[in-house]
Amino acid sequence: MKSHRQDSNHRFVDFFRCINRLIYVCACVLSALTATTDVAQAISGNAVVLPQTARNTAGYSKQSGIQIQVDCNWVGNRGYRPVRVTASMAKAATADTQITIQFFAGSWRTENREILVEHDFELPQGAASATAELLVPQYIDWNALGWTIWIDGVKDKDLSPPAVAYNAGANGAIAVGQLGGAQLNWNRAGASLVASVMSTAVEDQRFSPADLPDTWVGYSTLDVFTTTVDSLEVLRVSSPEKLEALLRWVRAGGNLWIMDAGEDFVDLPTLHQIISPKSTDEAGDAAEGVAPLADWQYVKLRTTGRPRLETLVDLTMDGSADDAKLTLPEIMDSKFPDTAVDSRRWFVARAYGLGTIVALQETEPTRRSRQSPVSRAMSRCALPANLRWTVRHGNDPASGNPHFHNWLIADVGAAPVGEFQLLISLFVIGIGPVNYWLLRHRNQLPVLLLTVPLAALVTTLVLFAYGFLVDGIGARVRVRSVTMLDQVAREAAGWARLSYYAGIAPSEGLQMPKDTTVYPIQSSQSDYTPFGRRNNTQQRTLEWTGQQRLKGGWLGSRTPTQYLAVTARPSNKRLGFEPTPEGLTVTNQLGTSVLNLIVQDHQGNFFLGEQIEPDKPTSLKPCEHNEAAATLRRLLTENLAELPPGYIESNRRRSNYGNSMTESLMELQIEAINNPTSTGWGNGSYLAVTAAGIEVPLGLDDVEETSSFHLVRGTW
């Protein structure tokens with residue numbers, strides 16, 4: 001039974017939450033009212049065209065003669081949101097025109113500027129229009145957005161509106177992208193299936209090949225992408241670079257659903273050639289069963305029901321010629337889908353880097369997809385678990401992560417409690433009785449007005465200097481990464497958890513490649529207060545040049561800071577293997593030392609190696625699977641993400657809400673590798689613990705890496 005005091009506290013918290021909601025509503029209304037009439041009339045869906053004439057038609061700036069259209073039409077509310085900016089003129093430009101846009105978006109908590117992105121592009125001479133695509137990190141739900149335009153370095157007021165009320169993405173909805181043809185009567189087929197499987201709201205958008213992003217980062221807000229084999233083949237022929245970007249997104253952890261693999265999955269060989277054109281894997285004998293390719297697997301299904309015995313007897317005795325040829329389990333699968341043990345009648349799946357590709361037999365989607373066997377079967381397997389963005393990443397950048405503290409840099413950032421207690425004790429003794437006795441002995445007691453503040457200043461400076469001497473002024477980073485390296489396709493995809501600590505924040509900020517996404521990992525220590533939920537977001541500035549320049553708000557001085565960085569790119573790094581009469585020889589071409597190596601060759605034999613230096617052929621020791629598994633288990637146990645020594649978790653205030661990094665695809669990959677029931681990791685594969693990350697950007701050139709763990713899972 002709750003006490004009267006607890007009830008009062010709850011009423012107190014509820015009161016302030018109501019006040020917060022009221023402030024939020026007023027802020028949204030004020031934002032909408034302060035926007036100019038021209039801007040409000042310029043909004044069409046998610047596109048804004050400026051300037052507007054008195055007749056509410058699109059015009060051109062009196063200052064520069066340019067018209068700007070900003071299109072934020074996209075789905076999803078976490079990840080890098082593509083924003084298309086088009087500059088046009090009534091006539092072709094007579095000279096090259098430099099256009100700079102400073103796009104900002106956010107909520108009332110961050111004064112509409114949670115993220116600020118700068119980008120330059122050019123309207124070339126002789127052209128009437130030019131389009132640029134901004135990739136804007138979206139870490140919270142946007143309530144407003146705006147931008148400022150400079151033409152050849154001069155601000156154009158006609159093209160620079162105030163903040164406009166806006167809602168980008170439905171909170172909690174699954175973001176689905178669709179690319180398909182009319183031959184399947186699509187009509188939101190992929191979105192309907194996802195909605196029925198997840199039993200939740202779905203936000204979907206159908207794309208034409210021309211609308212697809214040019215880089216995989218543009219797909220980062222999506223949870224699922226659905227398409228057909230024919231559509232992928234058309235994309236491969238017409239826009240191979242866009243197909244490459246889509247597949248890199250899947251390697252980085254995305255979900256690709258193929259809606260028409262044909263009856264008995266006869267189109268899997270064609271699909272294999274599209275997604276793995278460089279693979280030497282043979283198609284196999286399609287006549288022997290469903291999955292003709294070794295990479296594709298039936299998905300295990302949870303049994304949700306069992307038909308009554310008399311019903312089974314009736315089915316076996318109904319005299320049907322078709323049923324007479326079926327065994328009892330097959331009859332159960334066909335007549336009662338909820339009793340099937342795997343997905344062979346509906347879909348197959350395969351891992352693709354850190355992501356998943358699902359191929360469904362040819363189906364005709366209907367509005368009652370919730371009642372379809374494929375929907376019921378898919379809802380009973382593990383595939384839907386990683387469809388939500390926050391679950392897949394193990395993190396919601398808008399809120400605190402309960403496992404923020406298990407990957408901190410040891411011995412920095414902590415308050416020097418013991419030293420402070422000693423220093424403050426000496427200060428109290430010195431400023432009190434000792435100081436008083438000395439000055440009284442000299443008959444100079446009025447000097448206390450000078451010695452007391454001077455001693456306090458000296459004590460503060462000593463404590464401040466001690467902190468800098470212990471923690472230093474440079475930057476340190478601790479990295480935990482998993483990289484999937486496909487040597488056949490020459491592609492790499494990796495996830496890295498970056499934990500920073502800088503004595504003095506670098507003035508240039510962090511420098512990240514353009515093929516990397518960066519998501520903040522917030523501490524949940526102060527996620528909630530008696531006045532409601534604390535604002536964990538802050539204003540960040542990103543400048544797109546040849547890479548991402550993360551300038552302001554990304555890395556503070558003497559503040560533990562963490563990010564999740566996801567990278568997918570082509571890579572020529574590899575381990576070269578050469579069979580010998582004694583076993584196997586490896587040549588390290590990864591660009592860093594391999595501390596430990598476990599290899600499973602194409603015949604299923606296991607080998608071990610240690611301290612393999614770059615470009616130096618090294619012989620590997622043959623071993624049994626048990627020895628390899630024990631070695632791997634020891635390595636992973638020694639590098640667990642744990643709280644720092646002396647850190648008492650129960651003494652900190654933390655939220656029980658939010659996603660945990662221990663549930664991310666990176667940690668799930670480590671768990672799968674370390675599965676005690678596994679009999680191997682796949683023929684032609686290896687697991688390597690390296691001294692430095694493979695294709696893992698750190699953001700700083702002169703950063704000191706400490707206590708890191710890098711795991712590479714490669715295929716050859």
# chains A, B, ... in the order shown; residues from 1 in each chain; ligands from 1
>>> residues_around(residues="Tyr60 of chain A", least_positions_apart="5", cutoff="12 Å", atoms="only C-alpha atoms", output="JSON, numbers by chain")
{"A": [49, 50, 51, 52, 53, 65, 66, 67, 68, 69, 87, 88, 89, 90, 91, 156, 157, 158, 159]}
>>> write_last_selection(atoms="N, CA and C atoms", output="CSV table (one decimal), in the first residue's frame")
chain,number,residue,atom,x,y,z
A,49,VAL,N,8.3,25.8,-50.9
A,49,VAL,CA,8.8,26.6,-52.0
A,49,VAL,C,8.8,28.0,-51.6
A,50,LEU,N,10.0,28.7,-51.8
A,50,LEU,CA,10.1,30.1,-51.5
A,50,LEU,C,10.9,30.8,-52.6
A,51,PRO,N,10.5,32.1,-52.8
A,51,PRO,CA,9.5,32.9,-52.1
A,51,PRO,C,8.2,32.7,-52.7
A,52,GLN,N,7.1,33.3,-52.1
A,52,GLN,CA,5.8,33.3,-52.6
A,52,GLN,C,5.4,34.7,-53.0
A,53,THR,N,4.6,34.8,-54.1
A,53,THR,CA,4.2,36.1,-54.5
A,53,THR,C,2.9,36.5,-53.7
A,65,GLY,N,17.2,36.5,-57.5
A,65,GLY,CA,16.5,35.9,-58.7
A,65,GLY,C,16.4,34.4,-58.6
A,66,ILE,N,16.5,33.8,-57.4
A,66,ILE,CA,16.6,32.4,-57.3
A,66,ILE,C,15.3,31.9,-56.5
A,67,GLN,N,14.8,30.8,-56.8
A,67,GLN,CA,13.7,30.1,-56.1
A,67,GLN,C,14.3,28.8,-55.4
A,68,ILE,N,13.9,28.6,-54.2
A,68,ILE,CA,14.4,27.5,-53.4
A,68,ILE,C,13.2,26.5,-53.0
A,69,GLN,N,13.4,25.3,-53.3
A,69,GLN,CA,12.4,24.3,-52.8
A,69,GLN,C,13.1,23.3,-51.9
A,87,ALA,N,17.5,24.6,-56.2
A,87,ALA,CA,17.6,26.0,-56.5
A,87,ALA,C,17.4,26.2,-58.0
A,88,SER,N,16.5,27.1,-58.3
A,88,SER,CA,16.2,27.3,-59.8
A,88,SER,C,16.0,28.8,-60.1
A,89,MET,N,16.2,29.1,-61.4
A,89,MET,CA,16.1,30.5,-61.8
A,89,MET,C,15.1,30.5,-63.0
A,90,ALA,N,14.6,31.7,-63.3
A,90,ALA,CA,13.7,31.8,-64.4
A,90,ALA,C,14.4,31.6,-65.8
A,91,LYS,N,15.7,32.0,-65.8
A,91,LYS,CA,16.5,31.8,-67.0
A,91,LYS,C,17.8,31.1,-66.6
A,156,ASP,N,20.2,35.7,-48.2
A,156,ASP,CA,19.0,36.1,-49.0
A,156,ASP,C,17.8,36.0,-48.0
A,157,LYS,N,17.3,37.1,-47.6
A,157,LYS,CA,16.2,37.1,-46.6
A,157,LYS,C,14.9,36.5,-47.2
A,158,ASP,N,14.7,36.7,-48.6
A,158,ASP,CA,13.5,36.1,-49.2
A,158,ASP,C,13.4,34.6,-49.2
A,159,LEU,N,14.6,34.0,-49.1
A,159,LEU,CA,14.7,32.5,-49.1
A,159,LEU,C,15.0,31.9,-47.7
>>> select_by_dssp(residues="segment 339-511 of chain A", states="helix (DSSP H, G or I)", output="number ranges by chain")
A: 339, 369-371, 373-378, 383-386, 389-393, 404-407, 417-441, 445-471
>>> residues_around(residues="Val594 of chain A", least_positions_apart="2", cutoff="9 Å", atoms="only C-alpha atoms", output="MDAnalysis selection string")
chainID A and resid 588 590 592 596:597 609:614 688:692
>>> write_last_selection(atoms="C-alpha atoms", output="PDB file, in the first residue's frame")
ATOM      1  CA  ASN A 588      47.780 -10.631 -42.953  1.00  0.00           C
ATOM      2  CA  LEU A 590      44.228  -6.183 -42.793  1.00  0.00           C
ATOM      3  CA  THR A 592      46.899  -4.082 -38.373  1.00  0.00           C
ATOM      4  CA  ASN A 596      44.097 -14.015 -32.171  1.00  0.00           C
ATOM      5  CA  LEU A 597      42.748 -15.908 -35.173  1.00  0.00           C
ATOM      6  CA  GLY A 609      46.929 -18.466 -34.748  1.00  0.00           C
ATOM      7  CA  GLU A 610      48.312 -15.677 -32.537  1.00  0.00           C
ATOM      8  CA  GLN A 611      50.260 -12.436 -33.013  1.00  0.00           C
ATOM      9  CA  ILE A 612      50.098 -12.348 -36.801  1.00  0.00           C
ATOM     10  CA  GLU A 613      51.875  -9.246 -38.061  1.00  0.00           C
ATOM     11  CA  PRO A 614      50.945  -7.502 -41.331  1.00  0.00           C
ATOM     12  CA  ALA A 688      39.989 -12.376 -35.815  1.00  0.00           C
ATOM     13  CA  VAL A 689      40.669 -10.179 -32.785  1.00  0.00           C
ATOM     14  CA  THR A 690      42.750  -7.269 -34.067  1.00  0.00           C
ATOM     15  CA  ALA A 691      44.850  -4.558 -32.450  1.00  0.00           C
ATOM     16  CA  ALA A 692      42.975  -1.800 -34.299  1.00  0.00           C
TER      17      ALA A 692
END
>>> residues_around(residues="Phe607 of chain A", least_positions_apart="3", cutoff="7 Å", atoms="only C-alpha atoms", output="MDAnalysis selection string")
chainID A and resid 598:600 620:623
>>> closest_residue(among="A:Leu212, A:Ala93, A:Met259, A:Val75", to="Leu246 of chain A", atoms="only C-alpha atoms")
A:Leu212
>>> closest_residue(among="A:Ser379, A:Gln538, A:Gln273, A:Asn171", to="Leu116 of chain A", atoms="only C-alpha atoms")
A:Gln538
>>> closest_atom_pairs(of="segment 76-127 of chain A", to="segment 499-517 of chain A", cutoff="12 Å", atoms="only C-alpha atoms", output="JSON lines")
{"residue": "A:Arg78", "atom": "CA", "partner": "A:Thr517", "partner_atom": "CA", "distance": 11.2}
{"residue": "A:Gly79", "atom": "CA", "partner": "A:Thr517", "partner_atom": "CA", "distance": 7.7}
{"residue": "A:Tyr80", "atom": "CA", "partner": "A:Thr517", "partner_atom": "CA", "distance": 7.4}
{"residue": "A:Arg81", "atom": "CA", "partner": "A:Thr517", "partner_atom": "CA", "distance": 11.1}
>>> write_last_selection(atoms="N, CA and C atoms", output="PDB file, in the first residue's frame")
ATOM      1  N   ARG A  78      14.300   8.282 -36.962  1.00  0.00           N
ATOM      2  CA  ARG A  78      15.641   8.115 -36.414  1.00  0.00           C
ATOM      3  C   ARG A  78      16.570   7.748 -37.575  1.00  0.00           C
ATOM      4  N   GLY A  79      17.786   8.263 -37.536  1.00  0.00           N
ATOM      5  CA  GLY A  79      18.718   8.019 -38.629  1.00  0.00           C
ATOM      6  C   GLY A  79      19.008   9.307 -39.385  1.00  0.00           C
ATOM      7  N   TYR A  80      19.613   9.182 -40.571  1.00  0.00           N
ATOM      8  CA  TYR A  80      19.956  10.345 -41.395  1.00  0.00           C
ATOM      9  C   TYR A  80      18.844  10.557 -42.425  1.00  0.00           C
ATOM     10  N   ARG A  81      18.094  11.623 -42.258  1.00  0.00           N
ATOM     11  CA  ARG A  81      16.927  11.890 -43.100  1.00  0.00           C
ATOM     12  C   ARG A  81      17.354  12.652 -44.359  1.00  0.00           C
TER      13      ARG A  81
END
>>> closest_residue(among="A:Arg236, A:Arg388, A:Arg350, A:Arg251", to="Gly172 of chain A", atoms="only C-alpha atoms")
A:Arg388
